[in-house]
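Visitor: Contents of final39.txt (compact mmCIF, C-alpha atoms) are below:
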```txt
# COMPACT_ATOMS: atom_id res chain seq x y z
CA MET N 400 0.00 0.00 0.00
CA LYS N 401 2.81 2.44 0.85
CA PRO N 402 4.54 2.02 -2.55
CA ILE N 403 1.27 2.83 -4.34
CA LEU N 404 0.85 5.89 -2.08
CA VAL N 405 4.33 7.14 -2.98
CA VAL N 406 3.70 6.65 -6.71
CA PHE N 407 0.35 8.39 -6.31
CA LEU N 408 1.91 11.35 -4.48
CA THR N 409 4.70 11.63 -7.04
CA VAL N 410 2.19 12.13 -9.85
CA VAL N 411 0.02 14.44 -7.73
CA LEU N 412 2.93 16.72 -6.90
CA ASP N 413 4.30 16.64 -10.45
CA LEU N 414 0.94 17.92 -11.64
CA VAL N 415 0.69 20.45 -8.81
CA GLY N 416 3.99 21.90 -9.98
CA PHE N 417 2.77 21.95 -13.57
CA GLY N 418 -0.73 23.26 -12.90
CA ILE N 419 0.17 25.82 -10.29
CA VAL N 420 1.45 28.21 -12.94
CA ILE N 421 -1.52 27.94 -15.34
CA PRO N 422 -3.67 30.72 -13.85
CA LEU N 423 -0.76 32.94 -12.80
CA LEU N 424 1.82 32.47 -15.58
CA PRO N 425 0.65 35.33 -17.84
CA PHE N 426 0.54 37.68 -14.84
CA TYR N 427 3.91 36.43 -13.52
CA ALA N 428 5.61 36.58 -16.92
CA LEU N 429 4.32 40.08 -17.55
CA ASP N 430 6.54 41.22 -14.68
CA PHE N 431 9.41 40.20 -16.97
CA SER N 432 7.87 41.95 -20.01
CA ALA N 433 6.91 38.67 -21.72
CA THR N 434 4.68 38.71 -24.83
CA PRO N 435 1.68 36.36 -25.25
CA LEU N 436 3.81 34.12 -27.49
CA GLN N 437 6.56 33.98 -24.86
CA VAL N 438 3.96 33.04 -22.25
CA THR N 439 2.84 30.03 -24.28
CA LEU N 440 6.46 29.14 -25.04
CA LEU N 441 7.07 28.97 -21.28
CA MET N 442 4.42 26.27 -21.21
CA ALA N 443 5.96 24.62 -24.26
CA CYS N 444 9.56 24.43 -22.99
CA TYR N 445 8.41 22.46 -19.92
CA SER N 446 6.81 19.82 -22.10
CA LEU N 447 9.58 19.80 -24.70
CA ALA N 448 11.97 18.82 -21.91
CA GLN N 449 9.56 16.03 -20.94
CA PHE N 450 9.56 14.81 -24.54
CA VAL N 451 13.32 14.36 -24.37
CA ALA N 452 13.53 13.03 -20.82
CA ALA N 453 10.47 10.73 -20.50
CA PRO N 454 11.77 7.80 -22.58
CA LEU N 455 15.18 8.13 -20.95
CA TRP N 456 13.71 7.91 -17.45
CA GLY N 457 11.48 5.00 -18.54
CA GLN N 458 14.31 3.01 -20.14
CA LEU N 459 16.67 3.80 -17.26
CA SER N 460 14.08 2.49 -14.80
CA ASP N 461 13.84 -0.74 -16.80
CA ARG N 462 17.59 -1.18 -16.39
CA ILE N 463 18.53 0.08 -12.91
CA GLY N 464 15.13 0.02 -11.20
CA ARG N 465 12.23 2.37 -10.49
CA ARG N 466 13.35 3.49 -7.01
CA PRO N 467 16.63 5.29 -7.88
CA VAL N 468 15.03 7.03 -10.87
CA LEU N 469 12.10 8.33 -8.81
CA LEU N 470 14.30 9.44 -5.92
CA LEU N 471 16.64 11.43 -8.18
CA SER N 472 13.89 13.07 -10.22
CA VAL N 473 11.65 13.92 -7.25
CA GLY N 474 14.53 15.50 -5.32
CA LEU N 475 15.58 17.64 -8.28
CA THR N 476 11.96 18.67 -8.91
CA ALA N 477 12.00 20.56 -5.61
CA VAL N 478 15.24 22.30 -6.62
CA MET N 479 13.89 23.42 -10.00
CA LEU N 480 10.66 24.77 -8.52
CA ALA N 481 12.68 26.80 -6.03
CA GLY N 482 14.80 28.12 -8.89
CA PHE N 483 11.72 29.16 -10.85
CA ALA N 484 10.30 30.97 -7.83
CA SER N 485 13.55 32.86 -7.22
CA ALA N 486 14.22 33.79 -10.87
CA ASN N 487 14.92 37.46 -11.56
CA SER N 488 14.94 37.45 -15.38
CA LEU N 489 12.97 35.94 -18.25
CA TRP N 490 15.82 33.64 -19.34
CA MET N 491 15.93 32.17 -15.84
CA LEU N 492 12.21 31.44 -16.03
CA PHE N 493 12.83 29.50 -19.25
CA LEU N 494 15.85 27.69 -17.78
CA PHE N 495 14.19 26.48 -14.58
CA ARG N 496 10.87 25.72 -16.26
CA THR N 497 12.72 23.55 -18.80
CA LEU N 498 14.71 21.70 -16.13
CA HIS N 499 11.54 21.27 -14.06
CA GLY N 500 9.89 19.62 -17.06
CA ALA N 501 12.80 17.21 -17.46
CA MET N 502 12.51 16.13 -13.82
CA THR N 503 8.73 15.61 -13.89
CA ALA N 504 9.08 13.39 -16.94
CA ASN N 505 9.32 10.73 -14.20
CA ILE N 506 5.59 10.15 -14.68
CA SER N 507 6.58 7.43 -17.16
CA THR N 508 8.46 5.69 -14.33
CA ALA N 509 5.50 6.15 -12.00
CA GLN N 510 3.28 4.49 -14.61
CA ALA N 511 5.79 1.63 -14.88
CA CYS N 512 5.68 1.25 -11.07
CA MET N 513 1.92 1.00 -11.23
CA ALA N 514 2.20 -1.60 -13.98
CA ASP N 515 4.59 -3.57 -11.74
CA LEU N 516 2.15 -3.41 -8.84
CA THR N 517 -1.02 -4.44 -10.73
CA THR N 518 -2.20 -7.51 -12.61
CA PRO N 519 -3.14 -7.21 -16.31
CA GLU N 520 -6.81 -7.51 -15.36
CA ASN N 521 -6.51 -4.56 -12.94
CA ARG N 522 -4.23 -2.48 -15.16
CA ALA N 523 -6.95 0.00 -16.22
CA LYS N 524 -7.89 0.48 -12.56
CA GLY N 525 -4.24 1.10 -11.70
CA MET N 526 -3.87 3.56 -14.55
CA GLY N 527 -7.11 5.11 -13.34
CA LEU N 528 -5.36 5.79 -10.01
CA ILE N 529 -2.60 7.53 -11.96
CA GLY N 530 -5.34 9.46 -13.72
CA ALA N 531 -6.90 10.34 -10.38
CA ALA N 532 -3.50 11.58 -9.24
CA PHE N 533 -3.45 13.75 -12.35
CA GLY N 534 -6.89 14.99 -11.38
CA ILE N 535 -5.90 15.83 -7.80
CA GLY N 536 -2.70 17.55 -8.94
CA PHE N 537 -4.57 19.40 -11.65
CA THR N 538 -7.18 20.43 -9.07
CA LEU N 539 -4.77 21.57 -6.39
CA GLY N 540 -2.23 23.16 -8.72
CA PRO N 541 -4.41 25.74 -10.49
CA PHE N 542 -6.53 26.29 -7.36
CA ILE N 543 -3.48 26.94 -5.15
CA GLY N 544 -1.90 29.06 -7.85
CA GLY N 545 -5.01 31.15 -8.32
CA GLU N 546 -5.86 31.63 -4.66
CA LEU N 547 -2.36 32.30 -3.32
CA ALA N 548 -1.51 34.56 -6.26
CA THR N 549 -3.68 37.20 -4.60
CA THR N 550 -1.00 37.35 -1.88
CA SER N 551 2.16 36.73 -3.92
CA LEU N 552 2.83 35.28 -7.37
CA THR N 553 5.79 33.29 -6.02
CA LEU N 554 4.17 31.92 -2.85
CA PRO N 555 2.44 28.99 -4.65
CA LEU N 556 5.75 28.04 -6.26
CA TRP N 557 7.57 27.89 -2.94
CA LEU N 558 4.77 25.75 -1.53
CA ALA N 559 5.06 23.33 -4.46
CA ALA N 560 8.84 23.11 -3.92
CA GLY N 561 8.31 22.28 -0.25
CA LEU N 562 5.76 19.57 -1.08
CA SER N 563 8.16 17.99 -3.56
CA ALA N 564 10.86 17.93 -0.90
CA LEU N 565 8.41 16.17 1.44
CA ASN N 566 7.63 13.64 -1.28
CA PHE N 567 11.35 12.87 -1.61
CA VAL N 568 11.50 12.07 2.11
CA LEU N 569 8.44 9.79 1.86
CA ALA N 570 9.84 8.00 -1.21
CA LEU N 571 13.16 7.49 0.56
CA ALA N 572 11.37 5.88 3.49
CA TRP N 573 8.53 3.98 1.83
CA LEU N 574 9.31 3.15 -1.79
CA PRO N 575 10.94 -0.26 -2.39
CA GLU N 576 12.10 -1.44 -5.77
CA THR N 577 8.97 -2.54 -7.70
CA ARG N 578 10.52 -3.93 -10.86
CA HIS N 579 10.24 -7.70 -10.81
CA ALA N 580 13.55 -9.54 -10.90
CA GLY N 581 12.32 -11.77 -13.73
CA SER N 582 11.09 -8.90 -15.89
CA LEU N 583 14.32 -8.08 -17.65
CA PRO N 584 14.30 -5.38 -20.31
CA SER N 585 14.82 -6.27 -23.93
CA ARG N 586 18.36 -5.60 -25.13
CA ARG N 587 18.15 -2.09 -26.54
CA SER N 588 20.11 1.02 -25.81
CA ILE N 589 18.78 4.24 -24.35
CA ALA N 590 18.35 5.91 -27.72
CA PRO N 591 15.71 7.44 -30.04
CA ALA N 592 15.47 4.03 -31.74
CA ALA N 593 13.47 2.79 -28.73
CA LEU N 594 10.90 5.53 -29.26
CA TRP N 595 10.66 4.66 -32.95
CA SER N 596 10.24 0.98 -32.07
CA ALA N 597 7.26 1.77 -29.85
CA LEU N 598 5.69 4.06 -32.45
CA THR N 599 5.91 1.46 -35.19
CA ALA N 600 4.65 -1.47 -33.10
CA PRO N 601 1.42 -2.63 -34.79
CA ALA N 602 -0.70 -2.79 -31.64
CA ILE N 603 0.77 0.25 -29.89
CA GLY N 604 1.67 2.82 -32.54
CA LEU N 605 -1.86 3.95 -33.43
CA CYS N 606 -2.81 4.35 -29.77
CA ILE N 607 0.30 6.47 -29.17
CA ALA N 608 -0.56 8.56 -32.25
CA LEU N 609 -4.07 8.99 -30.91
CA THR N 610 -2.62 10.06 -27.55
CA PHE N 611 -0.60 12.72 -29.36
CA VAL N 612 -3.66 14.21 -31.07
CA GLN N 613 -5.69 14.20 -27.85
CA VAL N 614 -2.98 15.82 -25.73
CA PHE N 615 -1.99 18.31 -28.47
CA SER N 616 -5.59 19.51 -28.77
CA PHE N 617 -6.04 19.84 -25.02
CA ALA N 618 -2.73 21.71 -24.75
CA LEU N 619 -3.90 24.20 -27.38
CA MET N 620 -6.83 25.01 -25.12
CA GLU N 621 -5.01 24.81 -21.80
CA SER N 622 -2.11 27.08 -22.72
CA THR N 623 -4.24 29.85 -24.21
CA PHE N 624 -7.33 29.81 -22.00
CA THR N 625 -5.87 32.15 -19.38
CA LEU N 626 -4.93 34.63 -22.11
CA PHE N 627 -8.40 34.19 -23.65
CA ALA N 628 -10.22 34.61 -20.34
CA LYS N 629 -8.19 37.70 -19.44
CA ALA N 630 -8.65 39.31 -22.87
CA THR N 631 -12.34 38.55 -23.46
CA HIS N 632 -13.85 38.28 -19.98
CA GLY N 633 -11.38 40.17 -17.75
CA MET N 634 -11.06 37.13 -15.48
CA GLU N 635 -8.52 37.04 -12.62
CA PRO N 636 -6.17 34.18 -11.61
CA ALA N 637 -8.45 32.95 -8.81
CA GLU N 638 -11.45 32.57 -11.16
CA ILE N 639 -9.36 30.75 -13.76
CA GLY N 640 -7.83 28.49 -11.12
CA ARG N 641 -11.27 27.45 -9.89
CA LEU N 642 -12.34 26.41 -13.39
CA PHE N 643 -9.28 24.23 -13.86
CA GLY N 644 -9.85 22.96 -10.33
CA LEU N 645 -13.30 21.82 -11.43
CA VAL N 646 -11.67 19.80 -14.22
CA GLY N 647 -9.44 18.16 -11.65
CA ILE N 648 -12.28 17.30 -9.26
CA LEU N 649 -14.30 15.62 -11.97
CA GLY N 650 -11.15 13.90 -13.18
CA ILE N 651 -10.75 12.40 -9.71
CA VAL N 652 -14.33 11.13 -9.73
CA VAL N 653 -14.13 9.62 -13.21
CA GLN N 654 -10.59 8.25 -13.18
CA GLY N 655 -10.38 7.41 -9.49
CA GLY N 656 -13.81 5.88 -9.03
CA LEU N 657 -15.78 5.23 -12.21
CA ILE N 658 -13.23 4.11 -14.79
CA GLY N 659 -12.58 0.71 -13.21
CA ARG N 660 -16.30 -0.14 -13.22
CA LEU N 661 -16.83 1.19 -16.72
CA VAL N 662 -13.88 -0.77 -18.14
CA LYS N 663 -15.07 -3.92 -16.36
CA ARG N 664 -18.49 -3.55 -17.98
CA PHE N 665 -17.65 -2.16 -21.42
CA GLY N 666 -13.90 -2.62 -21.89
CA GLU N 667 -11.44 0.11 -22.86
CA ARG N 668 -12.29 0.06 -26.55
CA PRO N 669 -15.63 1.95 -26.59
CA LEU N 670 -14.63 4.41 -23.87
CA VAL N 671 -11.92 6.04 -25.99
CA PRO N 672 -14.14 7.44 -28.79
CA VAL N 673 -16.85 8.42 -26.30
CA GLY N 674 -14.34 10.35 -24.21
CA LEU N 675 -12.82 12.04 -27.25
CA GLY N 676 -16.29 12.98 -28.51
CA LEU N 677 -17.14 14.74 -25.24
CA LEU N 678 -13.77 16.51 -25.32
CA THR N 679 -14.49 17.70 -28.87
CA LEU N 680 -17.87 19.14 -27.89
CA GLY N 681 -16.39 20.93 -24.89
CA ILE N 682 -13.53 22.61 -26.74
CA LEU N 683 -15.74 23.73 -29.63
CA ALA N 684 -18.24 25.25 -27.16
CA LEU N 685 -15.58 27.03 -25.12
CA PRO N 686 -15.24 30.29 -27.14
CA THR N 687 -18.97 31.09 -27.01
CA ALA N 688 -19.72 30.07 -23.40
CA PRO N 689 -20.28 33.08 -21.12
CA PRO N 690 -18.61 33.17 -17.68
CA GLY N 691 -20.57 31.46 -14.94
CA TYR N 692 -22.54 28.24 -15.09
CA ALA N 693 -22.27 27.88 -18.87
CA LEU N 694 -18.48 28.05 -18.85
CA ALA N 695 -18.35 25.72 -15.85
CA GLY N 696 -20.55 23.24 -17.74
CA VAL N 697 -18.15 23.29 -20.68
CA PHE N 698 -15.26 22.54 -18.34
CA CYS N 699 -17.28 19.59 -17.00
CA LEU N 700 -17.49 18.17 -20.53
CA LEU N 701 -13.73 18.57 -20.90
CA ALA N 702 -13.11 16.79 -17.60
CA VAL N 703 -15.36 13.80 -18.29
CA GLY N 704 -13.97 13.42 -21.82
CA GLN N 705 -10.39 13.40 -20.56
CA GLY N 706 -11.32 11.10 -17.68
CA LEU N 707 -12.73 8.44 -20.00
CA ALA N 708 -10.21 8.58 -22.83
CA THR N 709 -6.86 8.97 -21.06
CA PRO N 710 -6.71 5.93 -18.70
CA SER N 711 -8.37 3.71 -21.31
CA LEU N 712 -5.67 4.57 -23.84
CA GLN N 713 -2.91 4.13 -21.24
CA SER N 714 -4.28 0.74 -20.28
CA LEU N 715 -4.42 -0.47 -23.90
CA ILE N 716 -0.84 0.68 -24.49
CA SER N 717 0.42 -0.94 -21.29
CA ARG N 718 -1.38 -4.24 -21.82
CA SER N 719 -0.05 -4.47 -25.38
CA ALA N 720 3.57 -4.20 -24.16
CA ALA N 721 5.80 -7.00 -22.87
CA ALA N 722 6.42 -7.09 -19.11
CA GLY N 723 10.10 -6.22 -19.47
CA ASP N 724 9.37 -3.21 -21.68
CA GLN N 725 6.76 -1.44 -19.56
CA GLY N 726 9.05 1.46 -18.67
CA THR N 727 10.26 1.84 -22.25
CA VAL N 728 6.83 1.72 -23.89
CA LEU N 729 5.10 3.89 -21.29
CA GLY N 730 8.07 6.25 -21.38
CA SER N 731 7.71 6.53 -25.15
CA ALA N 732 3.99 7.23 -24.81
CA GLN N 733 4.72 9.84 -22.15
CA SER N 734 7.37 11.35 -24.41
CA ILE N 735 4.89 11.68 -27.26
CA SER N 736 2.42 13.27 -24.84
CA ALA N 737 5.11 15.70 -23.78
CA LEU N 738 5.87 16.56 -27.42
CA ALA N 739 2.18 17.30 -27.87
CA ARG N 740 2.15 19.51 -24.77
CA ALA N 741 5.21 21.35 -26.14
CA THR N 742 4.02 21.91 -29.70
CA GLY N 743 0.39 22.57 -28.74
CA PRO N 744 1.14 25.70 -26.68
CA ALA N 745 3.60 26.95 -29.31
CA LEU N 746 0.93 26.73 -32.00
CA GLY N 747 -1.60 28.13 -29.55
CA GLY N 748 0.47 31.26 -29.06
CA ILE N 749 0.81 31.75 -32.82
CA LEU N 750 -2.92 31.22 -33.44
CA PHE N 751 -3.87 33.50 -30.55
CA THR N 752 -1.67 36.28 -31.93
CA ALA N 753 -2.55 35.85 -35.62
CA GLY N 754 -6.13 34.61 -35.56
CA GLY N 755 -7.62 36.03 -32.37
CA PRO N 756 -8.40 34.66 -28.90
CA ALA N 757 -10.82 31.95 -30.10
CA ALA N 758 -8.65 30.55 -32.92
CA PRO N 759 -6.78 27.94 -30.79
CA PHE N 760 -10.05 26.38 -29.61
CA TYR N 761 -11.50 25.95 -33.10
CA ALA N 762 -8.23 24.44 -34.34
CA ALA N 763 -8.24 22.00 -31.42
CA GLY N 764 -11.85 21.02 -32.16
CA VAL N 765 -11.07 20.18 -35.78
CA LEU N 766 -8.13 18.00 -34.72
CA LEU N 767 -10.28 16.16 -32.19
CA ILE N 768 -12.89 15.33 -34.83
CA GLY N 769 -10.09 13.51 -36.64
CA ALA N 770 -9.08 11.82 -33.38
CA VAL N 771 -12.58 10.40 -32.91
CA ALA N 772 -12.36 8.83 -36.37
CA LEU N 773 -8.87 7.44 -35.65
CA ALA N 774 -10.03 5.98 -32.33
CA PHE N 775 -12.00 3.14 -33.94
CA PRO N 776 -9.15 1.43 -35.86
CA ALA N 777 -6.60 2.26 -33.14
CA THR N 778 -8.55 0.67 -30.29
CA ALA N 779 -9.66 -2.29 -32.43
CA ARG N 780 -6.03 -3.17 -33.23
CA ALA N 781 -4.89 -2.75 -29.61
CA SER N 782 -7.82 -4.78 -28.25
CA ALA N 783 -7.05 -7.61 -30.65
CA SER N 784 -3.44 -7.63 -29.48
CA VAL N 785 -4.48 -7.77 -25.81
CA THR N 786 -6.86 -10.66 -26.53
CA ALA N 787 -4.14 -12.55 -28.38
CA ARG N 788 -1.65 -11.97 -25.56
```
Would you mind giving the structure from this file in C-alpha cells?
Guide:
Amino acid sequence: MKPILVVFLTVVLDLVGFGIVIPLLPFYALDFSATPLQVTLLMACYSLAQFVAAPLWGQLSDRIGRRPVLLLSVGLTAVMLAGFASANSLWMLFLFRTLHGAMTANISTAQACMADLTTPENRAKGMGLIGAAFGIGFTLGPFIGGELATTSLTLPLWLAAGLSALNFVLALAWLPETRHAGSLPSRRSIAPAALWSALTAPAIGLCIALTFVQVFSFALMESTFTLFAKATHGMEPAEIGRLFGLVGILGIVVQGGLIGRLVKRFGERPLVPVGLGLLTLGILALPTAPPGYALAGVFCLLAVGQGLATPSLQSLISRSAAAGDQGTVLGSAQSISALARATGPALGGILFTAGGPAAPFYAAGVLLIGAVALAFPATARASASVTAR
C-alpha cells in the first residue's frame, strides 16, 4: 500500500507543480515583459523537456530500477521549482521551467511502477489511479496558484517546492524497488530508436498517435485559456484556477472511481471514442460560453472526456507491451504526450496572436474530430493484441 501511495503522491505533486502556474503564468511573466507568445512558449519548454527526458527515465528504470530514478527526479523537482520561484529574469524562467519539465518526466516511471504493482486484469484500474493523481494535482495546482496569487505570485511556487521535498523524504522511506527480478528489459540502448520501435509497433503505434492528437488539442486550449479569459472576460487568476480545479475534481471522480467499473463492464475500446467525442464538444463550445454556469458546464465536458479517454488509452498501451518493456513503452507514450504539450502551446500562441483569442479552440476542435475517427481502428487493433496476448 505504501509504494502505491508514494507513486500516487509523485504524480500528484508533479501535476501540482505543472498546474500551479496555469492561472498565474501570464501575470507572472508580464513582470518580466513577456509577450503572449513567450507566455505560451514557457508552457511549451516544460513539455519539450519532458519529450526528451520521459523515454530516458522510462528506459533507465527498466535497467537500474524504479526506485533510484524516482528518488533522483523527485529530489531535483523541488530544486527546479525553487529556482523558478527565485528567478529574476525571463531567461531564468525559461531555464528552470525547462529543467523542471525534465525532472517531472518521471511520470513514465511512475506508470511503470503502477504496472509492476497491478495484474493485467486490474491495469486499467491502476492507470485510473494515476489518472486520479493527475486529477488531484490538476485540481490543487491551479486552485493553489489562483488563490495564493492574490498574496504573492511566487508563494504557490515555494509551496510546491516544499511539497516535492516532502515527497522525496516519503519516497526514501517507503518506496521499495517494484521492478520484478524476472522482468528483464529487452536488449536495446537508451536511444531514439526505442521511441521509434514503440511508435511502429502494430498494436501500440496507433494508440500512441491517438494520444498525441488528444494531448496536443487539449494543450492548445489549456495554454491559451488564461490569455483568452483575461482578454475577453477580464477574469482574474483565482477565477481561472477554480475552473481548472473543477476539471481536476471531476477527473478524480471519473478516473479514481468510475473508470474501473466502466472498463469492467464495457472494456477500454468503446470508452476512448466516447471520451474524445465529449472533449471535442467541450472545446468547440468554449469560445462562445459566457462566464458562470455555462463556462463551468463546458469545463465539465472537458473533464469527463479526458477522464474516460486517457486511462483507457494508457491501459491499452500498457497491456499491449511486454512485461520487461513497460518502462520503455510507457516512457515513449509519455514522451509523445510531452511533445504534444510542447508543440500545442507553441501553435496556440501563434494562433492567438494571428487569428484572435478563439482561434486555438476551433483548431483543437477540428483536430479532435479527426481523433474520434482514428479511435475506432486504433482501439480495435490494440484490443485484438491484448486478446491474443
Visitor: Would you pick out the contacts of segment 504-518 of chain N at 7 Å or less, using all atoms listed in the file, so that residues sharing its chain but fewer than 6 positions from it are not included, and give the list as number ranges by chain?
Guide: N: 406, 410, 449, 452-453, 456-457, 460, 465, 469, 472, 525, 577-578, 725-726, 729-730, 733
Visitor: Kindly compute an axis-aligned box around the listed atoms of segment 620-637 of chain N, allowing 6 Å on each side, and express its centre and edge lengths in Å to one decimal as lines of an AutoDock Vina configuration file.
Guide:
```
center_x = -8.0
center_y = 32.5
center_z = -17.0
size_x = 23.7
size_y = 27.4
size_z = 28.3
```
Visitor: Rounded to one decimal place, report the atom CA of Gly561 of chain N-atom CA of Phe417 of chain N distance in Å.
Guide: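 The value is 14.4 Å.
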Visitor: Which distance in Å separates atom CA of Thr687 of chain N and atom CA of Gly536 of chain N, to one decimal?
Guide: 27.8 Å
Visitor: Between N:Ile716, N:Leu558, N:Ala564, N:Ala428, which has the minimum distance to Met491 of chain N (counting all atoms listed in the file)?
Guide: N:Ala428
Visitor: Just the residues within 10 Å of Thr538 of chain N, please, counting all atoms listed in the file, with nothing from its chain fewer than 3 positions along; format it as a PyMOL selection string.
Guide: chain N and resi 411+414-415+418-419+532-535+541-543+640-651
Visitor: What is the atom CA of Phe483 of chain N to atom CA of Ala448 of chain N distance in Å?
Guide: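 According to the coordinates, atom CA of Phe483 of chain N and atom CA of Ala448 of chain N are separated by 15.1 Å.
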Visitor: Taking only C-alpha atoms into account, name the residue in N:Ser731, N:Thr631, N:Thr434, N:Ser782 that is nearest to Leu712 of chain N.
Guide: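 Smallest separation from Leu712 of chain N among the options: N:Ser782.
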Visitor: Take the point (-0.1, 28.4, -8.3) in the file's coordinates, draw a sphere of radius 10 Å around it, and report as number ranges by chain every protein, DNA or RNA residue with an atom inside or on it, counting all atoms listed in the file.
Guide: N: 415-424, 539-548, 551-559, 636-637, 640
Visitor: Write out as number ranges by chain the residues lying within 7 Å of segment 747-749 of chain N, counting all atoms listed in the file and excluding same-chain residues fewer than 6 positions away.
Guide: N: 435-436, 439, 619, 622-623, 759
Visitor: Out of N:Cys606, N:Leu767, N:Ser736, N:Thr625, which residue has the shortest atom-to-atom distance to Ser711 of chain N when counting all atoms listed in the file?
Guide: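 For Ser711 of chain N, the nearest of the candidates is N:Cys606.
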Visitor: Using all atoms listed in the file, which residues sit within 10 Å of Phe775 of chain N once same-chain residues fewer than 4 positions away are excluded, as a list of chain:residue names?
Guide: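 Counting only the stated atoms, we get N:Arg668, N:Pro669, N:Val671, N:Pro672, N:Ala770, N:Val771, N:Ala779, N:Arg780.
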Visitor: What's the 10 Å shell around Leu447 of chain N, counting only C-alpha atoms, without same-chain residues fewer than 3 positions away, as a count of residues only?
Guide: 19
Visitor: For a quick check of understanding, using only C-alpha atoms, which of N:Val568, N:Leu429, N:Leu677, N:Val438 has the smallest distance to Leu471 of chain N?
Guide: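 Checking each of N:Val568, N:Leu429, N:Leu677, N:Val438 against Leu471 of chain N, counting only C-alpha atoms, the winner is N:Val568.
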